[in-house]
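The file coords-v7.tsv comes next; it holds TSV, C-alpha atoms and all ligand atoms.
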chain	number	residue	atom	x	y	z
A	365	MET	CA	-1.51	30.20	4.73
A	366	TYR	CA	-1.82	26.76	3.14
A	367	ASP	CA	-3.13	25.03	6.29
A	368	ARG	CA	-0.41	22.43	6.16
A	369	ILE	CA	-0.30	19.82	8.91
A	370	PHE	CA	2.45	17.70	10.44
A	371	ASN	CA	2.46	14.58	8.29
A	372	PHE	CA	4.17	11.57	9.88
A	373	SER	CA	3.66	9.31	6.86
A	374	ALA	CA	6.28	6.62	6.18
A	375	GLY	CA	6.14	7.47	2.48
A	376	PRO	CA	5.32	9.30	0.34
A	377	ALA	CA	6.21	11.78	3.00
A	378	MET	CA	6.76	15.44	3.84
A	379	MET	CA	8.81	17.60	1.50
A	380	PRO	CA	10.83	20.68	2.50
A	381	GLU	CA	8.48	23.66	2.17
A	382	PRO	CA	11.01	25.92	0.38
A	383	VAL	CA	11.26	23.22	-2.31
A	384	LEU	CA	7.49	23.09	-2.78
A	385	GLU	CA	7.41	26.87	-3.05
A	386	GLU	CA	10.13	26.92	-5.70
A	387	ILE	CA	8.29	24.27	-7.69
A	388	ARG	CA	5.10	26.32	-7.42
A	389	ASP	CA	6.91	29.38	-8.74
A	390	GLU	CA	8.36	27.45	-11.69
A	391	LEU	CA	5.27	25.39	-12.43
A	392	LEU	CA	3.88	27.24	-15.45
A	393	ASN	CA	7.11	28.51	-16.92
A	394	TYR	CA	10.37	26.83	-15.99
A	395	ARG	CA	13.09	29.49	-16.13
A	396	GLY	CA	11.95	31.15	-19.32
A	397	SER	CA	11.37	27.91	-21.26
A	398	GLY	CA	7.67	28.79	-21.51
A	399	MET	CA	6.66	25.38	-20.24
A	400	CYS	CA	6.34	23.23	-17.15
A	401	VAL	CA	8.97	20.56	-16.54
A	402	MET	CA	6.10	18.04	-16.91
A	403	GLU	CA	5.65	19.18	-20.50
A	404	MET	CA	9.28	19.04	-21.55
A	405	SER	CA	10.94	16.58	-23.88
A	406	HIS	CA	13.43	14.47	-21.98
A	407	ARG	CA	15.71	14.90	-25.00
A	408	SER	CA	15.72	18.70	-24.74
A	409	ALA	CA	18.79	20.64	-23.69
A	410	VAL	CA	16.90	22.26	-20.85
A	411	PHE	CA	15.88	18.91	-19.36
A	412	GLN	CA	19.38	17.51	-19.89
A	413	SER	CA	20.69	20.37	-17.76
A	414	ILE	CA	18.19	19.42	-15.01
A	415	VAL	CA	19.40	15.79	-14.95
A	416	ASP	CA	23.06	16.76	-15.11
A	417	GLN	CA	22.67	19.25	-12.28
A	418	ALA	CA	20.73	16.74	-10.14
A	419	GLU	CA	23.42	14.11	-10.58
A	420	GLN	CA	26.23	16.58	-9.85
A	421	ASP	CA	24.52	17.89	-6.72
A	422	LEU	CA	23.99	14.35	-5.44
A	423	ARG	CA	27.64	13.54	-6.14
A	424	ASP	CA	28.70	16.64	-4.21
A	425	LEU	CA	26.39	15.91	-1.28
A	426	MET	CA	27.49	12.30	-0.81
A	427	GLY	CA	31.03	12.62	-2.13
A	428	ILE	CA	30.40	9.88	-4.68
A	429	PRO	CA	33.69	8.64	-6.18
A	430	SER	CA	34.10	8.82	-9.97
A	431	ASN	CA	34.11	5.02	-10.35
A	432	TYR	CA	30.46	4.89	-9.30
A	433	LYS	CA	27.52	5.48	-11.65
A	434	VAL	CA	24.43	7.34	-10.46
A	435	LEU	CA	21.27	5.92	-12.03
A	436	PHE	CA	17.68	7.17	-11.92
A	437	ILE	CA	15.46	4.13	-12.53
A	438	GLN	CA	11.70	3.61	-12.38
A	439	GLY	CA	9.87	0.76	-10.66
A	440	GLY	CA	10.58	2.00	-7.15
A	441	ALA	CA	12.71	0.19	-4.62
A	442	THR	CA	10.70	-2.97	-5.19
A	443	LEU	CA	12.05	-3.52	-8.71
A	444	GLN	CA	15.55	-3.47	-7.22
A	445	PHE	CA	14.67	-6.56	-5.16
A	446	SER	CA	14.75	-8.36	-8.55
A	447	MET	CA	17.26	-6.29	-10.53
A	448	ILE	CA	19.96	-6.81	-7.90
A	449	PRO	CA	20.05	-10.62	-8.02
A	450	LEU	CA	19.43	-10.65	-11.79
A	451	ASN	CA	22.46	-8.42	-12.38
A	452	LEU	CA	24.83	-9.23	-9.54
A	453	MET	CA	24.45	-13.01	-9.03
A	454	LYS	CA	27.30	-14.03	-11.28
A	455	ASN	CA	27.95	-17.22	-9.30
A	456	GLY	CA	24.28	-17.60	-8.48
A	457	LYS	CA	24.72	-17.10	-4.76
A	458	ALA	CA	24.30	-14.18	-2.34
A	459	VAL	CA	24.20	-13.53	1.39
A	460	TYR	CA	21.29	-11.64	2.94
A	461	ILE	CA	20.72	-10.32	6.45
A	462	GLU	CA	17.10	-10.42	7.57
A	463	THR	CA	16.24	-7.49	9.82
A	464	GLY	CA	12.60	-6.67	9.05
A	465	GLY	CA	9.80	-6.46	6.53
A	466	TRP	CA	11.80	-4.96	3.66
A	467	SER	CA	14.82	-7.26	3.80
A	468	LYS	CA	12.37	-10.15	4.02
A	469	LYS	CA	10.73	-9.06	0.78
A	470	ALA	CA	14.12	-8.68	-0.91
A	471	ILE	CA	15.07	-12.21	0.20
A	472	ALA	CA	11.86	-13.66	-1.26
A	473	GLU	CA	12.59	-12.09	-4.66
A	474	ALA	CA	16.27	-13.07	-4.68
A	475	LYS	CA	15.29	-16.69	-4.01
A	476	LYS	CA	13.50	-16.69	-7.38
A	477	VAL	CA	16.82	-15.93	-9.06
A	478	GLY	CA	19.47	-17.92	-7.21
A	479	GLU	CA	20.76	-19.33	-3.94
A	480	VAL	CA	20.16	-17.10	-0.93
A	481	VAL	CA	22.10	-17.64	2.29
A	482	VAL	CA	20.47	-15.82	5.22
A	483	ALA	CA	23.57	-15.41	7.38
A	484	ALA	CA	21.82	-13.62	10.26
A	485	SER	CA	18.27	-12.76	11.24
A	486	SER	CA	16.50	-10.88	14.02
A	487	GLN	CA	13.18	-12.58	13.43
A	488	ASP	CA	13.44	-14.28	16.84
A	489	LYS	CA	12.57	-10.96	18.53
A	490	ASN	CA	10.21	-9.62	15.86
A	491	TYR	CA	12.98	-7.53	14.24
A	492	THR	CA	13.63	-5.24	17.18
A	493	TYR	CA	17.42	-5.30	16.86
A	494	ILE	CA	20.26	-5.77	14.35
A	495	PRO	CA	22.15	-9.06	14.69
A	496	ASP	CA	25.90	-9.06	15.32
A	497	CYS	CA	27.52	-9.13	11.88
A	498	ALA	CA	31.19	-8.79	12.84
A	499	ASP	CA	32.10	-12.36	11.87
A	500	LEU	CA	29.55	-13.76	9.46
A	501	ASP	CA	29.82	-17.13	7.82
A	502	ILE	CA	30.14	-15.94	4.21
A	503	PRO	CA	30.32	-18.86	1.75
A	504	ASP	CA	32.97	-18.97	-0.98
A	505	GLY	CA	31.85	-17.37	-4.21
A	506	ALA	CA	29.07	-15.28	-2.68
A	507	ASP	CA	28.39	-12.46	-5.14
A	508	TYR	CA	27.30	-9.86	-2.60
A	509	LEU	CA	26.08	-9.22	0.94
A	510	TYR	CA	22.68	-7.54	1.14
A	511	ILE	CA	21.28	-5.40	3.95
A	512	CYS	CA	18.35	-3.06	4.45
A	513	GLU	CA	20.10	-0.26	6.28
A	514	ASN	CA	16.99	1.25	7.83
A	515	GLU	CA	13.90	-0.93	8.22
A	516	THR	CA	11.03	1.50	7.67
A	517	ILE	CA	8.35	-0.73	9.20
A	518	HIS	CA	10.22	-2.05	12.23
A	519	GLY	CA	12.19	1.14	12.93
A	520	VAL	CA	15.61	-0.48	13.27
A	521	THR	CA	18.82	0.83	11.78
A	522	TRP	CA	22.42	-0.40	11.46
A	523	PRO	CA	24.71	1.46	13.88
A	524	LYS	CA	27.71	-0.08	12.11
A	525	LEU	CA	28.01	-1.81	8.74
A	526	PRO	CA	28.57	-5.59	8.64
A	527	ASN	CA	32.00	-7.08	8.08
A	528	THR	CA	31.57	-8.27	4.49
A	529	LYS	CA	34.97	-9.97	4.32
A	530	GLY	CA	35.58	-8.52	0.88
A	531	CYS	CA	32.14	-9.26	-0.55
A	532	PRO	CA	30.48	-6.23	-2.25
A	533	LEU	CA	27.93	-4.66	0.09
A	534	VAL	CA	24.47	-3.92	-1.31
A	535	SER	CA	22.28	-1.63	0.78
A	536	ASP	CA	18.65	-0.57	0.63
A	537	GLN	CA	18.81	2.98	2.01
A	538	SER	CA	15.28	3.95	0.96
A	539	SER	CA	14.13	5.34	4.29
A	540	MET	CA	17.44	6.87	5.38
A	541	PHE	CA	18.87	8.16	2.10
A	542	LEU	CA	20.64	11.51	2.66
A	543	SER	CA	19.73	11.54	6.35
A	544	LYS	CA	23.41	11.40	7.36
A	545	PRO	CA	26.86	11.23	5.77
A	546	CYS	CA	27.62	8.03	3.88
A	547	ASN	CA	31.00	6.67	2.83
A	548	VAL	CA	30.03	5.44	-0.63
A	549	SER	CA	33.21	3.44	-1.17
A	550	ASP	CA	32.13	1.05	1.62
A	551	TYR	CA	29.46	-0.20	-0.78
A	552	GLY	CA	29.15	-1.95	-4.11
A	553	LEU	CA	25.60	-0.72	-4.63
A	554	ILE	CA	23.40	1.70	-2.70
A	555	TYR	CA	19.81	2.23	-3.74
A	556	ALA	CA	16.86	4.20	-2.44
A	557	GLY	CA	13.25	4.67	-3.43
A	558	VAL	CA	13.07	8.45	-3.26
A	559	GLN	CA	9.56	8.89	-1.84
A	560	LYS	CA	10.65	8.34	1.76
A	561	ASN	CA	13.24	11.01	2.30
A	562	VAL	CA	13.73	12.87	-0.97
A	563	GLY	CA	11.00	13.31	-3.56
A	564	PRO	CA	7.90	12.04	-5.38
A	565	ALA	CA	7.21	8.29	-5.63
A	566	GLY	CA	8.05	6.09	-8.58
A	567	MET	CA	11.80	6.40	-8.85
A	568	VAL	CA	14.87	4.86	-7.34
A	569	VAL	CA	18.38	6.28	-7.17
A	570	ALA	CA	21.00	3.56	-7.61
A	571	ILE	CA	24.66	4.26	-6.96
A	572	ILE	CA	26.67	1.38	-8.35
A	573	ARG	CA	30.39	0.67	-8.57
A	574	GLU	CA	31.28	0.42	-12.25
A	575	ASP	CA	32.93	-3.01	-12.08
A	576	LEU	CA	29.59	-4.48	-10.93
A	577	ILE	CA	27.85	-3.40	-14.14
A	578	ARG	CA	27.98	-6.45	-16.38
A	579	ASP	CA	27.96	-6.54	-20.15
A	580	ASP	CA	27.30	-10.29	-20.48
A	581	LEU	CA	23.60	-10.17	-19.68
A	582	GLY	CA	22.20	-9.88	-23.19
A	583	SER	CA	19.42	-12.39	-22.53
A	584	LEU	CA	18.06	-10.37	-19.60
A	585	PRO	CA	15.19	-8.03	-20.59
A	586	ILE	CA	16.89	-4.77	-21.52
A	587	TYR	CA	15.07	-2.64	-18.96
A	588	LEU	CA	16.36	-4.85	-16.13
A	589	GLN	CA	20.03	-4.40	-17.05
A	590	TYR	CA	21.97	-1.79	-15.10
A	591	LYS	CA	24.16	-1.45	-18.18
A	592	ALA	CA	21.27	-0.15	-20.29
A	593	HIS	CA	20.54	2.59	-17.76
A	594	ALA	CA	24.20	3.42	-17.23
A	595	ASP	CA	25.05	3.62	-20.96
A	596	ALA	CA	22.08	5.88	-21.63
A	597	GLY	CA	22.68	8.25	-18.72
A	598	SER	CA	19.41	7.11	-17.07
A	599	MET	CA	17.53	7.88	-20.30
A	600	TYR	CA	17.25	4.52	-22.03
A	601	ASN	CA	13.57	5.38	-22.21
A	602	THR	CA	11.59	8.36	-20.95
A	603	PRO	CA	12.65	8.68	-17.32
A	604	ASN	CA	10.53	9.93	-14.45
A	605	CYS	CA	11.35	13.52	-15.44
A	606	TRP	CA	9.23	15.09	-12.74
A	607	ALA	CA	10.82	13.04	-9.95
A	608	ILE	CA	14.32	13.84	-11.23
A	609	TYR	CA	13.48	17.55	-11.25
A	610	VAL	CA	12.02	17.54	-7.73
A	611	CYS	CA	14.83	15.37	-6.30
A	612	GLY	CA	17.32	17.78	-7.85
A	613	LYS	CA	15.64	20.63	-5.98
A	614	VAL	CA	15.93	18.69	-2.73
A	615	PHE	CA	19.62	17.96	-3.37
A	616	GLN	CA	20.21	21.70	-3.81
A	617	TYR	CA	18.19	22.47	-0.72
A	618	LEU	CA	20.27	20.01	1.33
A	619	LYS	CA	23.49	21.52	0.01
A	620	SER	CA	22.32	25.02	0.90
A	621	THR	CA	21.34	24.00	4.43
A	622	GLY	CA	24.73	22.60	5.32
A	623	GLY	CA	24.86	19.17	3.71
A	624	LEU	CA	24.59	15.74	5.28
A	625	ASP	CA	26.55	16.51	8.46
A	626	GLU	CA	24.08	19.23	9.32
A	627	MET	CA	21.13	17.02	8.33
A	628	HIS	CA	22.46	14.29	10.63
A	629	ARG	CA	22.83	16.75	13.49
A	630	ARG	CA	19.25	17.95	13.02
A	631	ASN	CA	17.89	14.42	12.69
A	632	GLN	CA	19.61	13.28	15.90
A	633	ASP	CA	18.40	16.32	17.74
A	634	LYS	CA	14.84	15.84	16.49
A	635	ALA	CA	14.61	12.09	17.16
A	636	GLN	CA	15.99	12.62	20.66
A	637	VAL	CA	12.93	14.69	21.59
A	638	LEU	CA	10.63	11.79	20.78
A	639	TYR	CA	12.80	9.01	22.21
A	640	ASP	CA	13.33	10.95	25.44
A	641	PHE	CA	9.58	11.22	25.78
A	642	LEU	CA	9.06	7.50	25.09
A	643	ASP	CA	11.71	6.65	27.70
A	644	ARG	CA	10.01	8.69	30.43
A	645	SER	CA	6.40	7.92	29.48
A	646	THR	CA	4.48	5.34	31.50
A	647	LEU	CA	1.87	4.93	28.75
A	648	PHE	CA	3.89	4.87	25.49
A	649	HIS	CA	6.84	2.57	24.82
A	650	GLY	CA	9.29	2.35	21.93
A	651	THR	CA	9.45	-1.15	20.45
A	652	VAL	CA	13.13	-1.21	19.39
A	653	GLU	CA	16.27	-1.91	21.45
A	654	LYS	CA	17.96	1.44	22.13
A	655	GLU	CA	21.19	0.82	20.24
A	656	TYR	CA	19.35	0.09	16.98
A	657	ARG	CA	16.70	2.80	17.04
A	658	SER	CA	16.08	4.53	13.73
A	659	LEU	CA	16.37	8.31	13.46
A	660	MET	CA	13.72	8.22	10.72
A	661	ASN	CA	10.95	5.79	11.74
A	662	VAL	CA	9.86	5.56	15.36
A	663	PRO	CA	7.40	2.77	16.20
A	664	PHE	CA	5.73	2.85	19.62
A	665	VAL	CA	2.80	1.24	21.43
A	666	THR	CA	0.60	1.68	24.50
A	667	GLY	CA	0.13	-2.04	24.97
A	668	SER	CA	-3.58	-1.77	24.16
A	669	LYS	CA	-4.85	-1.96	20.57
A	670	GLU	CA	-7.97	0.04	21.45
A	671	LEU	CA	-5.96	2.80	23.08
A	672	ASP	CA	-3.49	2.84	20.16
A	673	ALA	CA	-6.39	3.40	17.77
A	674	GLU	CA	-7.77	6.10	20.02
A	675	VAL	CA	-4.44	7.97	20.02
A	676	VAL	CA	-4.16	7.76	16.23
A	677	ALA	CA	-7.67	9.20	15.78
A	678	ALA	CA	-7.19	11.96	18.37
A	679	ALA	CA	-3.82	12.86	16.86
A	680	LYS	CA	-5.31	13.14	13.38
A	681	ALA	CA	-8.02	15.45	14.70
A	682	ALA	CA	-5.29	17.58	16.28
A	683	GLY	CA	-3.31	17.91	13.00
A	684	PHE	CA	-0.82	15.02	13.31
A	685	ASP	CA	-1.58	12.67	10.45
A	686	ASN	CA	-0.49	9.16	9.40
A	687	LEU	CA	0.63	7.90	12.81
A	688	LYS	CA	-0.93	4.45	12.50
A	689	GLY	CA	1.74	1.76	12.76
A	690	HIS	CA	2.27	-0.80	10.01
A	691	LYS	CA	-0.03	-3.80	10.41
A	692	SER	CA	2.88	-6.15	11.13
A	693	VAL	CA	3.99	-4.13	14.19
A	694	GLY	CA	0.74	-2.44	15.24
A	695	GLY	CA	0.61	0.57	17.53
A	696	LEU	CA	1.90	3.86	16.19
A	697	ARG	CA	4.78	4.94	14.01
A	698	ALA	CA	6.09	8.45	13.58
A	699	SER	CA	8.20	8.87	10.45
A	700	ILE	CA	10.36	11.93	10.98
A	701	TYR	CA	12.39	12.27	7.80
A	702	ASN	CA	14.64	15.19	6.85
A	703	ALA	CA	11.71	17.45	5.99
A	704	MET	CA	9.91	17.05	9.32
A	705	PRO	CA	10.74	20.15	11.37
A	706	LYS	CA	11.74	19.81	15.02
A	707	THR	CA	8.63	21.79	15.97
A	708	GLY	CA	6.55	18.99	14.41
A	709	VAL	CA	8.12	16.43	16.73
A	710	ALA	CA	7.98	18.73	19.75
A	711	SER	CA	4.28	19.46	19.10
A	712	LEU	CA	3.56	15.75	18.76
A	713	VAL	CA	5.29	15.05	22.07
A	714	LYS	CA	3.21	17.78	23.72
A	715	PHE	CA	0.08	16.18	22.33
A	716	LEU	CA	1.09	12.69	23.53
A	717	GLU	CA	1.95	14.04	27.00
A	718	LYS	CA	-1.47	15.61	27.28
A	719	PHE	CA	-3.12	12.40	26.08
A	720	GLU	CA	-1.17	10.45	28.69
A	721	THR	CA	-2.23	12.78	31.51
A	722	GLU	CA	-5.87	12.45	30.48
A	723	HIS	CA	-5.70	8.66	30.35
A	724	LYS	CA	-4.01	7.93	33.66
B	1	LIG	C1	9.24	1.82	0.93
B	1	LIG	C2	10.40	0.92	0.90
B	1	LIG	C3	10.60	0.02	-0.17
B	1	LIG	C4	9.64	-0.10	-1.34
B	1	LIG	O1	9.58	1.06	-2.08
B	1	LIG	P1	8.67	1.17	-3.40
B	1	LIG	O2	9.16	2.40	-4.06
B	1	LIG	O3	7.25	1.26	-2.93
B	1	LIG	O4	8.90	-0.04	-4.21
B	1	LIG	C5	11.73	-0.78	-0.12
B	1	LIG	N1	12.61	-0.72	0.90
B	1	LIG	C6	12.43	0.13	1.93
B	1	LIG	C7	13.43	0.15	3.04
B	1	LIG	C8	11.33	0.97	1.97
B	1	LIG	O5	11.17	1.82	3.00
Could you rewrite the structure in this file as C-alpha cells?
Amino acid sequence: MYDRIFNFSAGPAMMPEPVLEEIRDELLNYRGSGMCVMEMSHRSAVFQSIVDQAEQDLRDLMGIPSNYKVLFIQGGATLQFSMIPLNLMKNGKAVYIETGGWSKKAIAEAKKVGEVVVAASSQDKNYTYIPDCADLDIPDGADYLYICENETIHGVTWPKLPNTKGCPLVSDQSSMFLSKPCNVSDYGLIYAGVQKNVGPAGMVVAIIREDLIRDDLGSLPIYLQYKAHADAGSMYNTPNCWAIYVCGKVFQYLKSTGGLDEMHRRNQDKAQVLYDFLDRSTLFHGTVEKEYRSLMNVPFVTGSKELDAEVVAAAKAAGFDNLKGHKSVGGLRASIYNAMPKTGVASLVKFLEKFETEHK
C-alpha cells in the first residue's frame, strides 16, 4: 500500500513497520494530549512519562543492573569518541583495539585527549578478522579498554569479549545494539548511536556504570560531562524528544516480539540465508573470515569494480536499495538489522542468484 522497498542501508536504516504505523496513528494527537510529540514541552508530565517508559523498557530488555545509568545524549556516536576519553581518562591512558573504520576514528579522537595504547589491530588484513584478545598487554593504570563490538563498515564482530584483566570495558555497539542478549555487567560503558538498529538519527544511548561518572570534571564543558546528563535524567537541556519517543516504541516492539533472545534467533536465521549463498556462489564472495562475520552488516564483492557497480544499479532497479559498499571496502554491503524481514534477505538472494546465472 505504501510501496515500501527493501532498504539495506547501513544507517539510518529500516524501522519495524508496526512502529511506523503506531507513530502515524499518534502523529496529530498523542494519546489525547491534543498534540504531536514533536510539539510537546520536554518538561511536561506527558513527555516525562514517555522518557521514563523508554528507559524502563530498555532496562527490562537488556536486564540493566540498578548501578548503571541510562543516558540519552545528542551528538550521535561520534561525540562519544571524545566524551569517553574526556570523562574516563583519569590517569590519562587507555587501551584501544583497532578492528575497522569506527575504532580507528575513536582512536584518533582519544589521542587528542591522552595516551592511547593500541594493544591489538587487524589492519594487516584490512580488518577482516578480530585479533586474539585473550592475553593483552594492558599497561598499569590504564583507565579503560575500548572496542567497537560490530564494525559497520568492515562487517566484523566480536564472537567473544576481550580479557580486560580488570580494566573497565567500553564498547561501541552502534550497529548491533539490541540485536542479541547482552550481559551489561561485563561492561563499564556501552553506547550506541540509535540510527543503525533502533530509531531516528541524532541520539546515542549510553549505559554507564555509576562509579565511572566523575564529579571532579568542573572545567570540562558542561555538555560533555556524563554527570550533567545523569543528574538531569537526560534532560540537562532539551533532549532529542522525537528520537526518545520513537526508540521507546521500538523497545516496546522488541519486548512484545520475544525480547533479545528471539531477536538473536531471527538475526542468525536471516544472516545464514545470505552467508550460505555467498559460500556457494562462484561470483560473489564475503570479505570477512567466517568466525568474525557480522549478523548485521554483510560486505561482499565480485572481484570486479565494474560488475559490483552493475549489481548495485540492477538491485536498486529491482527494489533493493543502498547496497553499495563503503568506499574503504568497495563492493557491496547488505545491512540486515533487526527490522529487515527474512523475506527481504531471501528476495535479495534470489535476485543475486539470477544475476549470477545471467553473468556466467
Ligand atoms: C555509524 C556509526 C558511528 C557514528 O555514528 P554517528 O551517529 O553518525 O556519529 C559510530 N560507530 C559505529 C560502529 C557506527 O556504526
(request) Excluding stretch 473-483 of chain A and residues on its chain fewer than 2 positions from it, collect all residues at most 6 Å away from it, counting all atoms listed in the file, and give them as a list in words. (result) Phe445, Ser446, Pro449, Gly456, Lys457, Ala458, Val459, Tyr460, Ile461, Ala470 and Ile471 of chain A
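Closest approach to ligand LIG 1 (chain B) among A:Val614, A:Val558, A:Ala377, A:Leu509 is made by A:Val558 (distances from only C-alpha atoms and all ligand atoms).
Atom CA of A:Thr442 is positioned 27.1 Å from atom CA of A:Arg407.
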(message) Please identify all protein, DNA and RNA residues within 9 Å of ligand LIG 1 (chain B), counting all atoms listed in the file, and report them as a PyMOL selection string.
(response) chain A and resi 374-376+438-445+465-467+469-470+512-517+536-540+556-560+565-568
Generate the output file for the selected residues, C-alpha atoms, as an mmCIF file, in the coordinates of the input.
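Written out: part-v6.cif:
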data_model
loop_
_atom_site.group_PDB
_atom_site.id
_atom_site.type_symbol
_atom_site.label_atom_id
_atom_site.label_comp_id
_atom_site.auth_asym_id
_atom_site.auth_seq_id
_atom_site.Cartn_x
_atom_site.Cartn_y
_atom_site.Cartn_z
ATOM 1 C CA ALA A 374 6.280 6.620 6.180
ATOM 2 C CA GLY A 375 6.140 7.470 2.480
ATOM 3 C CA PRO A 376 5.320 9.300 0.340
ATOM 4 C CA GLN A 438 11.700 3.610 -12.380
ATOM 5 C CA GLY A 439 9.870 0.760 -10.660
ATOM 6 C CA GLY A 440 10.580 2.000 -7.150
ATOM 7 C CA ALA A 441 12.710 0.190 -4.620
ATOM 8 C CA THR A 442 10.700 -2.970 -5.190
ATOM 9 C CA LEU A 443 12.050 -3.520 -8.710
ATOM 10 C CA GLN A 444 15.550 -3.470 -7.220
ATOM 11 C CA PHE A 445 14.670 -6.560 -5.160
ATOM 12 C CA GLY A 465 9.800 -6.460 6.530
ATOM 13 C CA TRP A 466 11.800 -4.960 3.660
ATOM 14 C CA SER A 467 14.820 -7.260 3.800
ATOM 15 C CA LYS A 469 10.730 -9.060 0.780
ATOM 16 C CA ALA A 470 14.120 -8.680 -0.910
ATOM 17 C CA CYS A 512 18.350 -3.060 4.450
ATOM 18 C CA GLU A 513 20.100 -0.260 6.280
ATOM 19 C CA ASN A 514 16.990 1.250 7.830
ATOM 20 C CA GLU A 515 13.900 -0.930 8.220
ATOM 21 C CA THR A 516 11.030 1.500 7.670
ATOM 22 C CA ILE A 517 8.350 -0.730 9.200
ATOM 23 C CA ASP A 536 18.650 -0.570 0.630
ATOM 24 C CA GLN A 537 18.810 2.980 2.010
ATOM 25 C CA SER A 538 15.280 3.950 0.960
ATOM 26 C CA SER A 539 14.130 5.340 4.290
ATOM 27 C CA MET A 540 17.440 6.870 5.380
ATOM 28 C CA ALA A 556 16.860 4.200 -2.440
ATOM 29 C CA GLY A 557 13.250 4.670 -3.430
ATOM 30 C CA VAL A 558 13.070 8.450 -3.260
ATOM 31 C CA GLN A 559 9.560 8.890 -1.840
ATOM 32 C CA LYS A 560 10.650 8.340 1.760
ATOM 33 C CA ALA A 565 7.210 8.290 -5.630
ATOM 34 C CA GLY A 566 8.050 6.090 -8.580
ATOM 35 C CA MET A 567 11.800 6.400 -8.850
ATOM 36 C CA VAL A 568 14.870 4.860 -7.340
#
(request) Tell me, as a list in words, which residues lie within 10 Å of A:Asn702, counting all atoms listed in the file; anything in the same chain fewer than 5 positions away does not count. (result) Ala377, Met378, Met379, Pro380, Met540, Phe541, Leu542, Ser543, Lys544, Lys560, Asn561, Val562, Leu618, Met627, His628, Arg630, Asn631, Lys634, Leu659 and Met660 of chain A
(request) Starting from the point (0.4, -0.8, 13.4), work out which residues of protein, DNA or RNA have an atom no more than 10 Å away when counting all atoms listed in the file; state them as a ChimeraX atom specification. (result) /A:517-518,663-665,669,672-673,687-697
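Nearest to A:Ile511 of all the residues A:Ser598, A:Thr528, A:Gln636, A:Asn604 is A:Thr528, based on all atoms listed in the file.
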Once you count only C-alpha atoms, what closest atom pair and distance in Å to one decimal does each residue of stretch 431-516 of chain A within 7 Å of stretch 585-595 of chain A have, with rows by chain and rising residue number, as a Markdown table?
| residue | atom | partner | partner_atom | distance |
| --- | --- | --- | --- | --- |
| A:Lys433 | CA | A:Ala594 | CA | 6.8 |
| A:Leu435 | CA | A:Ala594 | CA | 6.5 |
| A:Met447 | CA | A:Leu588 | CA | 5.9 |
| A:Asn451 | CA | A:Gln589 | CA | 6.6 |
(message) What's the separation between atom CA of A:Asn547 and atom CA of A:Ala498, in Å to one decimal place?
(response) 18.4 Å
(request) Give me, please, the distance in Å between atom CA of A:Pro603 and atom CA of A:Thr621, quoted to one decimal. (result) 28.0 Å
Near stretch 569-578 of chain A, 7 Å: stretch 406-457 of chain A residue rows, closest pairs, only C-alpha atoms, as a tab-separated table:
residue	atom	partner	partner_atom	distance
A:Asn431	CA	A:Glu574	CA	5.7
A:Tyr432	CA	A:Arg573	CA	4.3
A:Lys433	CA	A:Ile572	CA	5.3
A:Val434	CA	A:Ile571	CA	4.7
A:Leu435	CA	A:Ala570	CA	5.0
A:Phe436	CA	A:Val569	CA	4.9
A:Ile437	CA	A:Val569	CA	6.5
A:Leu452	CA	A:Leu576	CA	6.9
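When all atoms listed in the file are used to measure the gap to A:Arg644, the shortest distance among A:Glu626, A:Glu720, A:Asp424, A:Glu670 belongs to A:Glu720.
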(message) I'd like to know which of A:Leu553, A:Met453, A:Leu384, A:Ile414 is closest to A:Asp507, using all atoms listed in the file.
(response) A:Met453
(request) Compare A:Trp606, A:Phe719, A:Tyr701, A:Phe641 by their minimum atom-to-atom distance to A:Ala678, counting all atoms listed in the file, and give me the closest one. (result) A:Phe719
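The nearest approach to A:Ser397 among the residues A:Ala596, A:Thr721, A:Asn686, A:Ala409, with only C-alpha atoms taken into account, belongs to A:Ala409.
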(message) Quick one: residues within 8 Å of A:Val401, all atoms listed in the file, excluding same-chain residues fewer than 6 positions away - as an MDAnalysis selection string?
(response) chainID A and resid 391 394 411 605:606 609
(message) Just want the 6 Å neighbourhood of A:Asn661, counted on all atoms listed in the file, with same-chain residues fewer than 2 positions away dropped. Output as a PyMOL selection string.
(response) chain A and resi 516+519+658+698-699
Given 5 Å of margin on each side, can you work out the centre and size in Å (one decimal) of an axis-aligned box holding every listed atom of stretch 699-708 of chain A, as JSON?
{"center_x": 10.6, "center_y": 15.3, "center_z": 11.0, "size_x": 18.1, "size_y": 22.9, "size_z": 20.0}
